[in-house]
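Trainee: Below: one structure in C-alpha cells.
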Amino acid sequence: MSRLHFASALLPSGWANDVQVVVAARSIAAVTAGVAPAAGDERHAIGLPGLASLHSHAFQRGMAGLAELRGDSTDTFWTWRETMYRFALAMTPDDVAAVATLLYVEMLEQGFTRVGEFHYLHHDRDGSPYADIAEMAAKIAQAAEASGIALTLLPSFYAHGSFGGAAPHAGQRRFICTVDQFAALVAASRNAIGNLPGANIGIAPHSLRAVAPDELTSIIPLANGGPVHIHAAEQVKEVEDCLAWSGRRPVQWLLEHAPIDQRWCLIHATHMTDEEVTAFAKTGAVAGLCPITEASLGDGIFLAREFLDAGGLFGVGTDSNVLIGAADEMRQLEYGQRLKHRQRNVLSGGAGRSTGRSLFDDALAGGARALAQQTVGLAPGARADIVTLDAAHPSLAGRTHDAVIDGWIFAAGGAAIDCVWAGGNKVVEGGRHRLRQAARERFKAAVRRLVA
C-alpha cells in the first residue's frame with residue numbers, strides 16, 4: 001500500500017484541494033479530500049487521472065517521419081499506405097516488440113496510461129501464420145508488460161483489399177485471415193494477455209473495405225461482450241467506393257446493418273452527413289478521433305461541434321504514432337475546429353467554460369467507454385493510473401484548477417508532466433520513464449536495420 005497527497009487533484013466530482021489517495025493492489029483504495037499530508041505520504045502539487053489512447057497501430061511508430069518525401073503524383077492517404085506496407089513487410093516479431101515498447105514508454109511519459117492496440121500485423125513476412133498464431137499479439141503484450149501501460153488488445157480482422165470482397169493487395173498479406181483463423185487468433189490472443197495486469201480484449205473488424213457483411217456478422221460474437229472497433233469514413237475515396245458498392249455511405253451502412261451500441265467505437269468517422277452525425281450520437285458508440293494522424297494523412301476534419309451538440313462522445317487515439325502526446329491530440333482537435341469554423345474555444349461546451357477541461361473530460365470518458373473501463377478517474381475501485389503536472393513549469397505559473405489544464409494542453413504540452421503511475425507503479429518520474437534509455441537503444445537498433 002502507498003499514499004499520495006496532492007495539493008490539488010481532479011476528482012470525478014471536480015477539483016478538490018489537499019487530496020490523499022491510497023493505492024493498494026494496483027487500484028485506488030480510498031480518496032479523501034481536505035486533509036493535511038500525513039507522515040509517509042508522497043507529496044505532489046497537481047494530480048490528474050491518466051488518459052487512454054484508444055486507437056494505436058504500434059508498429060507504425062517505427063516509420064514515423066519516413067513518408068514525408070513527395071512522390072511523382074499527388075500524395076494522399078493511399079500513397080502513404082504503400083510506404084506503410086513496405087515497412088510492415090520487413091518487420092520481425094522482435095522488431096515489433098522493440099518498436100511497441102518504446103511507443104508505450106513514450107505514451108506513459110505523455111500522460112496516456114492505457115492503449116487500445118488495433119493490431120493487424122499478424123503473420124510472417126510471406127503471409128503464412130506463425131506456429132503460434134498470436135506470436136505478434138504476444139509481442140504487443142510483452143511491450144505493455146515491460147512499460148507498465150494498461151492494454152486493451154483489439155485483434156483486427158482483415159480479409160479483402162476493397163469493398164465487395166476484392167482480393168487483397170500483396171502488401172496486405174501479413175494482415176489477412178479467414179473467419180476460422182481469426183477465431184483461433186482471438187482465442188490465442190486472450191491467452192497471450194491472460195496474466196497481464198489490467199489487460200482486456202475486444203475485436204476490430206478493420207473496415208468495410210476489408211470485411212464483407214457476412215464476415216462481420218460472423219466475427220462480432222468473438223468479442224464476447226468486449227469492445228468492437230472499426231475504421232469508418234476516414235477518406236472521401238472510401239465514402240465514394242462504399243456508395244458505389246452498396247448505395248450507402250460507410251457510417252450509414254454500419255448504422256443500418258451492424259448492432260452499433262456503447263461497445264462500439266467508430267474510428268475517424270471523418271466524412272459524415274448531418275443525419276449520420278445525429279444517428280451515430282444516439283447509439284452511444286464512441287467516435288475514436290486521432291487528430292494528429294488525421295492531419296498528417298490529410299483525412300479531413302471531424303464534425304466535432306455537431307457531434308457533441310447531438311450528445312455524442314469521443315475519445316482520442318494516436319493511430320499512426322507519428323507524434324505522441326495526450327495534450328497534442330486534444331490541442332489538435334480544438335485547433336482543427338478553430339480553422340474549420342474560424343472561431344475560438346469551439347469545443348468548450350458553453351460560455352464561461354474551460355476548453356481544456358471540456359476536452360479532457362470528454363477524452364477521459366470516451367476512452368474509458370471505448371476500452372470497456374467501468375470505473376475511471378481518481379476514484380475508489382479505479383485502476384491507479386495517475387498523472388502529476390509540474391507546478392513549476394512556466395506555462396502553469398499562477399494557475400489553478402481548470403486553468404492548469406488549459407496551460408498544459410495549449411501551452412506546456414508533455415513538458416509539464418512530472419510523474420505517472422500505471423496500475424499503482426510509478427513508471428515515470430521527472431518526466432522520464434524508467435525504461436526510456438534501454439527502450440530507445442533497442443528501438444534504434446531495430447529501425448536502423450529496417451530502413452537500411
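Naming scheme: A, B, ... for chains in displayed order of the C-alpha cells; residues 1 onward per chain; ligands 1 onward as shown.
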Enumerate, in order of chain and increasing residue number, the residues of region 368-395 of chain A with an atom no farther than 12 Å from region 228-246 of chain A, each with its shortest atom pair and distance in Å to one decimal, counting only C-alpha atoms, as a tab-separated table.

Mentor:
residue	atom	partner	partner_atom	distance
A:Arg369	CA	A:Val228	CA	11.1
A:Ala370	CA	A:His229	CA	8.1
A:Leu371	CA	A:Val228	CA	9.1
A:Ala372	CA	A:Val228	CA	10.0

Trainee: Mind writing the picked residues with N, CA and C atoms as a tab-separated table (two decimals), in the first residue's frame?

Mentor:
chain	number	residue	atom	x	y	z
A	369	ARG	N	-15.06	4.38	-22.09
A	369	ARG	CA	-16.15	3.59	-22.68
A	369	ARG	C	-15.64	2.73	-23.83
A	370	ALA	N	-14.81	3.32	-24.69
A	370	ALA	CA	-14.34	2.60	-25.87
A	370	ALA	C	-13.49	1.40	-25.51
A	371	LEU	N	-12.79	1.46	-24.36
A	371	LEU	CA	-11.90	0.37	-23.95
A	371	LEU	C	-12.46	-0.42	-22.77
A	372	ALA	N	-13.77	-0.27	-22.54
A	372	ALA	CA	-14.51	-1.09	-21.57
A	372	ALA	C	-13.99	-0.97	-20.15

Trainee: Would you return as a PDB file with C-alpha atoms, in the first residue's frame the members of region 377-425 of chain A that DSSP assigns to alpha helix (DSSP H) on this structure's backbone?

Mentor:
ATOM      1  CA  ASP A 402      -9.141  24.324 -14.945  1.00  0.00           C
ATOM      2  CA  ALA A 403      -6.586  26.976 -15.890  1.00  0.00           C
ATOM      3  CA  VAL A 404      -3.911  24.370 -15.144  1.00  0.00           C
ATOM      4  CA  ILE A 405      -5.397  22.030 -17.758  1.00  0.00           C
ATOM      5  CA  ASP A 406      -5.621  24.874 -20.258  1.00  0.00           C
ATOM      6  CA  GLY A 407      -1.970  25.684 -19.596  1.00  0.00           C
TER       7      GLY A 407
END

Trainee: Taking the backbone alone, and naming residues the way the document does, which bits of region 98-189 of chain A are strand (DSSP E) by DSSP, as a PyMOL selection string?

Mentor: chain A and resi 112-119+150-157

Trainee: May I have the selected residues written with C-alpha atoms, as a compact mmCIF listing (two decimals), in the first residue's frame?

Mentor:
# COMPACT_ATOMS: atom_id res chain seq x y z
CA PHE A 112 -1.51 8.06 -21.65
CA THR A 113 -1.91 5.18 -19.19
CA ARG A 114 -3.98 2.77 -21.34
CA VAL A 115 -3.74 1.91 -25.01
CA GLY A 116 -6.26 0.38 -27.38
CA GLU A 117 -3.98 -1.57 -29.73
CA PHE A 118 -5.79 -2.08 -33.04
CA HIS A 119 -3.50 -4.92 -34.01
CA ALA A 150 -2.63 -0.99 -19.48
CA LEU A 151 -3.52 -2.83 -22.68
CA THR A 152 -6.81 -3.29 -24.45
CA LEU A 153 -5.85 -5.65 -27.26
CA LEU A 154 -8.02 -5.40 -30.37
CA PRO A 155 -7.05 -8.12 -32.86
CA SER A 156 -8.10 -6.92 -36.28
CA PHE A 157 -9.93 -8.97 -38.89

Trainee: If we count only C-alpha atoms, what is near Ser354 (chain A) at a cut-off of 9 Å, once residues fewer than 2 positions away on the same chain are taken out, given as a JSON list (two decimals) with N, CA and C atoms, in the first residue's frame?

Mentor:
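In the end it all went to part_3.json:
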[["chain", "number", "residue", "atom", "x", "y", "z"],
["A", 345, "ASN", "N", -12.22, 28.56, -29.08],
["A", 345, "ASN", "CA", -12.88, 27.83, -28.00],
["A", 345, "ASN", "C", -14.17, 27.15, -28.47],
["A", 348, "SER", "N", -15.57, 24.17, -26.11],
["A", 348, "SER", "CA", -15.61, 24.45, -24.67],
["A", 348, "SER", "C", -16.89, 23.96, -24.01],
["A", 349, "GLY", "N", -17.94, 23.83, -24.80],
["A", 349, "GLY", "CA", -19.21, 23.36, -24.25],
["A", 349, "GLY", "C", -20.11, 24.45, -23.73],
["A", 350, "GLY", "N", -19.68, 25.71, -23.83],
["A", 350, "GLY", "CA", -20.57, 26.78, -23.39],
["A", 350, "GLY", "C", -19.81, 27.97, -22.83],
["A", 351, "ALA", "N", -20.53, 29.06, -22.65],
["A", 351, "ALA", "CA", -19.92, 30.29, -22.16],
["A", 351, "ALA", "C", -19.33, 30.09, -20.77],
["A", 352, "GLY", "N", -18.14, 30.65, -20.57],
["A", 352, "GLY", "CA", -17.51, 30.59, -19.26],
["A", 352, "GLY", "C", -16.87, 29.27, -18.92],
["A", 356, "GLY", "N", -9.92, 23.44, -22.34],
["A", 356, "GLY", "CA", -9.04, 22.33, -21.96],
["A", 356, "GLY", "C", -9.76, 21.33, -21.07],
["A", 357, "ARG", "N", -10.49, 21.83, -20.09],
["A", 357, "ARG", "CA", -11.21, 20.93, -19.17],
["A", 357, "ARG", "C", -12.27, 20.13, -19.92],
["A", 358, "SER", "N", -12.99, 20.79, -20.83],
["A", 358, "SER", "CA", -14.02, 20.07, -21.59],
["A", 358, "SER", "C", -13.40, 18.98, -22.45],
["A", 359, "LEU", "N", -12.29, 19.30, -23.12],
["A", 359, "LEU", "CA", -11.61, 18.29, -23.92],
["A", 359, "LEU", "C", -11.15, 17.14, -23.06],
["A", 402, "ASP", "N", -9.00, 24.49, -13.50],
["A", 402, "ASP", "CA", -9.14, 24.32, -14.95],
["A", 402, "ASP", "C", -8.08, 25.09, -15.73],
["A", 403, "ALA", "N", -7.62, 26.21, -15.20],
["A", 403, "ALA", "CA", -6.59, 26.98, -15.89],
["A", 403, "ALA", "C", -5.29, 26.18, -16.00],
["A", 405, "ILE", "N", -5.20, 22.90, -16.60],
["A", 405, "ILE", "CA", -5.40, 22.03, -17.76],
["A", 405, "ILE", "C", -5.26, 22.82, -19.05],
["A", 406, "ASP", "N", -5.80, 24.03, -19.08],
["A", 406, "ASP", "CA", -5.62, 24.87, -20.26],
["A", 406, "ASP", "C", -4.14, 25.14, -20.51]]

Trainee: Any idea what's packed within 10 Å of Met330 (chain A), counting only C-alpha atoms, ignoring anything in its chain fewer than 6 positions away? Could you give it as a PyMOL selection string?

Mentor: chain A and resi 289-292+315-317+355-356+358-360+362-363+409-410

Trainee: Can you write just those residues out, N, CA and C atoms, as a PDB file, in the first residue's frame?

Mentor:
ATOM      1  N   LEU A 289     -11.244   9.552 -32.306  1.00  0.00           N
ATOM      2  CA  LEU A 289     -10.612  10.616 -33.078  1.00  0.00           C
ATOM      3  C   LEU A 289      -9.103  10.590 -32.875  1.00  0.00           C
ATOM      4  N   CYS A 290      -8.382  10.772 -33.963  1.00  0.00           N
ATOM      5  CA  CYS A 290      -6.916  10.739 -33.944  1.00  0.00           C
ATOM      6  C   CYS A 290      -6.427  11.979 -34.681  1.00  0.00           C
ATOM      7  N   PRO A 291      -6.577  13.151 -34.068  1.00  0.00           N
ATOM      8  CA  PRO A 291      -6.413  14.406 -34.806  1.00  0.00           C
ATOM      9  C   PRO A 291      -5.048  14.602 -35.444  1.00  0.00           C
ATOM     10  N   ILE A 292      -3.972  14.147 -34.794  1.00  0.00           N
ATOM     11  CA  ILE A 292      -2.652  14.347 -35.384  1.00  0.00           C
ATOM     12  C   ILE A 292      -2.492  13.480 -36.627  1.00  0.00           C
ATOM     13  N   GLY A 315     -13.312   9.883 -27.871  1.00  0.00           N
ATOM     14  CA  GLY A 315     -12.032   9.702 -27.209  1.00  0.00           C
ATOM     15  C   GLY A 315     -10.948   9.990 -28.222  1.00  0.00           C
ATOM     16  N   VAL A 316      -9.703  10.034 -27.754  1.00  0.00           N
ATOM     17  CA  VAL A 316      -8.603  10.335 -28.668  1.00  0.00           C
ATOM     18  C   VAL A 316      -7.647   9.156 -28.741  1.00  0.00           C
ATOM     19  N   GLY A 317      -7.025   9.019 -29.914  1.00  0.00           N
ATOM     20  CA  GLY A 317      -6.029   7.973 -30.119  1.00  0.00           C
ATOM     21  C   GLY A 317      -4.843   8.529 -30.874  1.00  0.00           C
ATOM     22  N   THR A 355     -12.005  25.328 -22.221  1.00  0.00           N
ATOM     23  CA  THR A 355     -11.908  24.415 -23.355  1.00  0.00           C
ATOM     24  C   THR A 355     -11.041  23.215 -23.012  1.00  0.00           C
ATOM     25  N   GLY A 356      -9.916  23.438 -22.341  1.00  0.00           N
ATOM     26  CA  GLY A 356      -9.044  22.327 -21.957  1.00  0.00           C
ATOM     27  C   GLY A 356      -9.760  21.326 -21.069  1.00  0.00           C
ATOM     28  N   SER A 358     -12.990  20.789 -20.834  1.00  0.00           N
ATOM     29  CA  SER A 358     -14.019  20.071 -21.595  1.00  0.00           C
ATOM     30  C   SER A 358     -13.398  18.982 -22.454  1.00  0.00           C
ATOM     31  N   LEU A 359     -12.294  19.301 -23.118  1.00  0.00           N
ATOM     32  CA  LEU A 359     -11.606  18.295 -23.922  1.00  0.00           C
ATOM     33  C   LEU A 359     -11.145  17.135 -23.060  1.00  0.00           C
ATOM     34  N   PHE A 360     -10.559  17.448 -21.906  1.00  0.00           N
ATOM     35  CA  PHE A 360     -10.037  16.405 -21.024  1.00  0.00           C
ATOM     36  C   PHE A 360     -11.161  15.499 -20.525  1.00  0.00           C
ATOM     37  N   ASP A 362     -14.099  14.900 -21.809  1.00  0.00           N
ATOM     38  CA  ASP A 362     -14.655  14.085 -22.888  1.00  0.00           C
ATOM     39  C   ASP A 362     -13.703  12.964 -23.284  1.00  0.00           C
ATOM     40  N   ALA A 363     -12.405  13.283 -23.392  1.00  0.00           N
ATOM     41  CA  ALA A 363     -11.431  12.256 -23.768  1.00  0.00           C
ATOM     42  C   ALA A 363     -11.328  11.171 -22.705  1.00  0.00           C
ATOM     43  N   ILE A 409      -2.528  21.795 -21.905  1.00  0.00           N
ATOM     44  CA  ILE A 409      -2.906  21.403 -23.260  1.00  0.00           C
ATOM     45  C   ILE A 409      -2.455  22.429 -24.295  1.00  0.00           C
ATOM     46  N   PHE A 410      -2.639  23.697 -24.020  1.00  0.00           N
ATOM     47  CA  PHE A 410      -2.442  24.703 -25.056  1.00  0.00           C
ATOM     48  C   PHE A 410      -1.089  25.418 -24.997  1.00  0.00           C
TER      49      PHE A 410
END

Trainee: Restricting the calculation to only C-alpha atoms: of A:Leu11, A:Ala304, A:Ala391, A:Val451, which residue gets closest to Ala45 (chain A)?

Mentor: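 That would be A:Ala391, the residue with the smallest distance to Ala45 (chain A).
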
Trainee: For region 7-83 of chain A against region 96-104 of chain A, with a cut-off of 7 Å and counting only C-alpha atoms, what is the closest atom pair and its distance in Å to one decimal for every residue that makes the cut, ordered by chain and number, as a tab-separated table?

Mentor:
residue	atom	partner	partner_atom	distance
A:Ala58	CA	A:Ala100	CA	5.2
A:Phe59	CA	A:Val96	CA	5.8
A:Arg61	CA	A:Val99	CA	6.5
A:Gly62	CA	A:Val99	CA	5.9

Trainee: Pick out the closest residue to Val428 (chain A) from this set: A:Gly148, A:Gly325, A:Gly127, A:Gly161. Count only C-alpha atoms.

Mentor: A:Gly148

Trainee: Which one is closest to Tyr85 (chain A): A:Phe280, A:Tyr120, A:Tyr335, A:Tyr130? Count only C-alpha atoms.

Mentor: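 Checking each of A:Phe280, A:Tyr120, A:Tyr335, A:Tyr130 against Tyr85 (chain A), counting only C-alpha atoms, the winner is A:Tyr120.
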
Trainee: Closest to Arg43 (chain A) among A:Leu69, A:Ala9, A:Ala365, A:Ile203, using only C-alpha atoms?

Mentor: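 Once distances to Arg43 (chain A) are computed over only C-alpha atoms, the minimum belongs to A:Ala9.
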
Trainee: Excluding Ala170 (chain A) and residues on its chain fewer than 2 positions from it, collect all residues at most 10 Å away from it, counting only C-alpha atoms, and give them as JSON, numbers by chain.

Mentor: {"A": [85, 89, 126, 127, 161, 167, 168, 172, 173, 174]}

Trainee: Please produce an output containing N, CA and C atoms for each residue in the selection, written as an mmCIF file, in the first residue's frame.

Mentor:
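New file selection-v5.cif:
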data_model
loop_
_atom_site.group_PDB
_atom_site.id
_atom_site.type_symbol
_atom_site.label_atom_id
_atom_site.label_comp_id
_atom_site.auth_asym_id
_atom_site.auth_seq_id
_atom_site.Cartn_x
_atom_site.Cartn_y
_atom_site.Cartn_z
ATOM 1 N N TYR A 85 2.943 -0.314 -46.010
ATOM 2 C CA TYR A 85 3.006 -1.733 -46.353
ATOM 3 C C TYR A 85 4.461 -2.205 -46.465
ATOM 4 N N LEU A 89 6.072 -5.141 -44.063
ATOM 5 C CA LEU A 89 6.519 -6.417 -44.613
ATOM 6 C C LEU A 89 7.923 -6.796 -44.156
ATOM 7 N N ASP A 126 5.932 -13.801 -45.338
ATOM 8 C CA ASP A 126 5.348 -14.346 -46.577
ATOM 9 C C ASP A 126 3.833 -14.489 -46.480
ATOM 10 N N GLY A 127 3.268 -14.095 -45.353
ATOM 11 C CA GLY A 127 1.823 -14.170 -45.166
ATOM 12 C C GLY A 127 1.345 -15.425 -44.473
ATOM 13 N N GLY A 161 -9.197 -6.636 -50.080
ATOM 14 C CA GLY A 161 -8.484 -5.431 -50.485
ATOM 15 C C GLY A 161 -9.374 -4.223 -50.681
ATOM 16 N N ALA A 167 -9.993 -9.132 -53.908
ATOM 17 C CA ALA A 167 -8.796 -9.845 -53.451
ATOM 18 C C ALA A 167 -7.840 -8.873 -52.758
ATOM 19 N N PRO A 168 -7.157 -9.337 -51.719
ATOM 20 C CA PRO A 168 -6.241 -8.442 -51.002
ATOM 21 C C PRO A 168 -5.030 -8.057 -51.837
ATOM 22 N N GLN A 172 -0.749 -6.491 -48.232
ATOM 23 C CA GLN A 172 -1.597 -6.764 -47.073
ATOM 24 C C GLN A 172 -1.472 -8.201 -46.569
ATOM 25 N N ARG A 173 -0.565 -8.977 -47.129
ATOM 26 C CA ARG A 173 -0.575 -10.415 -46.861
ATOM 27 C C ARG A 173 -0.338 -10.774 -45.388
ATOM 28 N N ARG A 174 0.333 -9.917 -44.640
ATOM 29 C CA ARG A 174 0.571 -10.229 -43.226
ATOM 30 C C ARG A 174 -0.657 -9.963 -42.362
#

Trainee: Using only C-alpha atoms for the distances, tell me which of A:Val21, A:Leu4, A:Leu308, A:Met107 is nearest to Asn321 (chain A).

Mentor: A:Met107

Trainee: So what do you get for CA of Ser53 (chain A) versus CA of Asp75 (chain A), distance-wise?

Mentor: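 Interatomic distance here is 27.0 Å.
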
Trainee: Looking at only C-alpha atoms, which of A:Ala134, A:Ala88, A:Leu51, A:Val186 is the one that sits closest to Gln373 (chain A)?

Mentor: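 Distance minimum relative to Gln373 (chain A) lands on A:Leu51.
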
Trainee: Arg338 (chain A): which residues within 12 Å, counting only C-alpha atoms, same-chain residues fewer than 5 positions away excluded, as a tab-separated table (two decimals) with C-alpha atoms, in the first residue's frame?

Mentor:
chain	number	residue	atom	x	y	z
A	301	ILE	CA	-11.77	17.45	-40.05
A	302	PHE	CA	-14.34	15.60	-37.96
A	303	LEU	CA	-17.70	17.27	-37.32
A	304	ALA	CA	-16.89	17.57	-33.64
A	305	ARG	CA	-19.08	20.51	-32.68
A	331	ARG	CA	-4.99	20.62	-28.86
A	332	GLN	CA	-5.04	19.49	-32.50
A	333	LEU	CA	-8.70	18.53	-32.18
A	343	GLN	CA	-13.78	30.78	-34.18
A	344	ARG	CA	-12.02	30.18	-30.88
A	345	ASN	CA	-12.88	27.83	-28.00
A	346	VAL	CA	-15.20	25.84	-30.24
A	347	LEU	CA	-15.36	22.72	-28.05
A	348	SER	CA	-15.61	24.45	-24.67
A	355	THR	CA	-11.91	24.41	-23.35
